[in-house]
Amino acid sequence: MQTLQISIYALSVLIFLALVFDFMNGFHDAANAIATVVSTGVLKPQTAVAMAAFFNFVAIFVVGLKVATTIGKGTIDPHVVDHYVIFGALVGAIVWNLITWYYGIPSSSSHALIGGLVGAAVAKAGTGALISGGLIKTVVFIVIAPMLGFVLGSIMMLLVSWIFVRSTPRKVDTWFRRLQLASAAAYSLGHGGNDAQKTMGIIWMLLIASGHVAASDAAPPIWVIVACYGAISFGTLFGGWRIVKTMGQKITKLKPVGGFCAETGGAITLLAASFWGVPVSTTHTITGAIVGVGSSQKMSAVRWGVAGNIVWAWIFTIPASAFVAAIAWWIGKHIM
């Protein structure tokens, strides 16, 4: 592989841009981690985001680096990677995140980034630049992740209903107000562990292409790992409040017991995906879990129109961010 000739200035700008995306990932997706625990009244918003940010960072000690490897080495051909492709990918992802945040749409930051990579790589070298194995795994989990969240959320809700069938609603509410603290922490752990690695993979890809890191290295440099976990945690701390209401109340009305089941189902899905090295969407996962919790009580408890609009946002995320990334790649060629 030919080493990319890039100035330290350009490299620094791109790494900074990647960390901006990572910050926005936490900012945009904070709603996924805190919407249930805030909407059920268990925690105040400020306390919830502080806890979520803390566990986003703690994931550095718990989750491995398989997702970073998938993004860094298994999405597009390393030979086509240059500073223009990385610039286009990041701009495409950031622009789509800003649009969906502004309109309060819980779209996937993960798939916006992958769409950005695809759009910039195809703009430069055509579809032959794509690595089918990594992309197929990602696309398949667009369906599997929310389905797993749905199934696990439903099963958790049914199990809890059966176990506490003789308990009074007041007693159940008291118990699950406490338990939801643990489930929210577990979900934030899964969110940080899976999502921080996506930006990590981008920076790793850039460092390999520029010759600052050997392609044979099994992991990115430690400063990249710490910076990415720090950026996503800092973004979560600021919270994307426009999306909290959609996730926490518009899909279905949640009580502490439902919030616990949704968060637990989502956390299991995210941690398992991180272990397998699959870059899944935290948005897709928690949405599926919330719908599963609501539908396990009764189908009419779910506002299917809202859920349908969210699904349409999922469908458009990769092509929309890819389109913006292709334009950004062209602009980058002329200004960088």
# chains A, B, ... in the order shown; residues from 1 in each chain; ligands from 1
>>> closest_atom_pairs(of="region 24-85 of chain A", to="region 218-221 of chain A", cutoff="9 Å", atoms="only C-alpha atoms", output="tab-separated table")
residue	atom	partner	partner_atom	distance
A:Leu65	CA	A:Ala219	CA	7.1
A:Ala68	CA	A:Ala219	CA	8.3
A:Thr69	CA	A:Ala219	CA	7.7
>>> closest_residue(among="A:Ile71, A:Val165, A:Val213, A:Ala272", to="Lys198 (chain A)", atoms="only C-alpha atoms")
A:Ile71
>>> residues_around(residues="region 92-105 of chain A", least_positions_apart="2", cutoff="10 Å", atoms="only C-alpha atoms", output="ChimeraX atom specification")
/A:17-18,20-22,24-25,27-29,86-90,107-117,119-120,240-247,309-310,313-314,317-318,320-329
>>> write_last_selection(atoms="C-alpha atoms", output="mmCIF file, in the first residue's frame")
data_model
loop_
_atom_site.group_PDB
_atom_site.id
_atom_site.type_symbol
_atom_site.label_atom_id
_atom_site.label_comp_id
_atom_site.auth_asym_id
_atom_site.auth_seq_id
_atom_site.Cartn_x
_atom_site.Cartn_y
_atom_site.Cartn_z
ATOM 1 C CA LEU A 17 -13.034 16.855 12.411
ATOM 2 C CA ALA A 18 -13.329 13.176 13.370
ATOM 3 C CA VAL A 20 -16.119 16.732 16.254
ATOM 4 C CA PHE A 21 -18.190 13.954 14.679
ATOM 5 C CA ASP A 22 -17.564 11.802 17.764
ATOM 6 C CA MET A 24 -21.856 15.054 17.827
ATOM 7 C CA ASN A 25 -22.444 11.303 17.974
ATOM 8 C CA PHE A 27 -24.696 14.769 21.555
ATOM 9 C CA HIS A 28 -27.091 13.325 18.961
ATOM 10 C CA ASP A 29 -27.423 9.873 20.526
ATOM 11 C CA ILE A 86 -11.945 10.966 5.039
ATOM 12 C CA PHE A 87 -12.969 14.623 4.737
ATOM 13 C CA GLY A 88 -15.980 13.723 2.584
ATOM 14 C CA ALA A 89 -17.045 10.892 4.896
ATOM 15 C CA LEU A 90 -16.907 13.057 8.021
ATOM 16 C CA SER A 107 -31.501 8.653 13.063
ATOM 17 C CA SER A 108 -28.308 6.610 13.284
ATOM 18 C CA SER A 109 -24.966 8.415 13.644
ATOM 19 C CA SER A 110 -23.289 5.073 12.968
ATOM 20 C CA HIS A 111 -24.922 4.579 9.612
ATOM 21 C CA ALA A 112 -24.408 8.238 8.733
ATOM 22 C CA LEU A 113 -20.669 7.646 9.138
ATOM 23 C CA ILE A 114 -20.744 4.426 7.126
ATOM 24 C CA GLY A 115 -22.818 6.138 4.441
ATOM 25 C CA GLY A 116 -20.264 8.947 4.386
ATOM 26 C CA LEU A 117 -17.422 6.471 3.862
ATOM 27 C CA GLY A 119 -20.260 7.977 -0.700
ATOM 28 C CA ALA A 120 -16.738 9.425 -0.612
ATOM 29 C CA GLY A 240 -29.501 16.233 22.234
ATOM 30 C CA TRP A 241 -32.712 17.265 23.971
ATOM 31 C CA ARG A 242 -34.741 17.635 20.782
ATOM 32 C CA ILE A 243 -34.764 13.842 20.372
ATOM 33 C CA VAL A 244 -35.484 12.870 24.000
ATOM 34 C CA LYS A 245 -39.225 13.533 23.745
ATOM 35 C CA THR A 246 -39.564 11.448 20.568
ATOM 36 C CA MET A 247 -37.750 8.468 22.065
ATOM 37 C CA ASN A 309 -41.446 7.851 10.406
ATOM 38 C CA ILE A 310 -38.353 6.795 12.350
ATOM 39 C CA ALA A 313 -35.252 8.077 8.542
ATOM 40 C CA TRP A 314 -33.236 4.868 8.967
ATOM 41 C CA THR A 317 -29.619 7.737 6.385
ATOM 42 C CA ILE A 318 -26.974 5.821 4.411
ATOM 43 C CA ALA A 320 -28.435 10.684 2.156
ATOM 44 C CA SER A 321 -25.118 10.872 4.025
ATOM 45 C CA ALA A 322 -23.402 9.134 1.076
ATOM 46 C CA PHE A 323 -24.755 11.778 -1.312
ATOM 47 C CA VAL A 324 -23.547 14.643 0.905
ATOM 48 C CA ALA A 325 -20.173 12.903 1.348
ATOM 49 C CA ALA A 326 -19.701 12.577 -2.409
ATOM 50 C CA ILE A 327 -20.267 16.342 -2.799
ATOM 51 C CA ALA A 328 -17.954 17.057 0.154
ATOM 52 C CA TRP A 329 -15.279 14.838 -1.425
#
>>> select_by_dssp(residues="region 195-294 of chain A", states="helix (DSSP H, G or I)", output="number ranges by chain")
A: 195-209, 222-238, 241-250, 256-276, 282-294
>>> residues_around(residues="region 144-154 of chain A", least_positions_apart="4", cutoff="12 Å", atoms="only C-alpha atoms", output="MDAnalysis selection string")
chainID A and resid 108 137:140 158:161 183 187 257:274 278:299 307 310:311 314
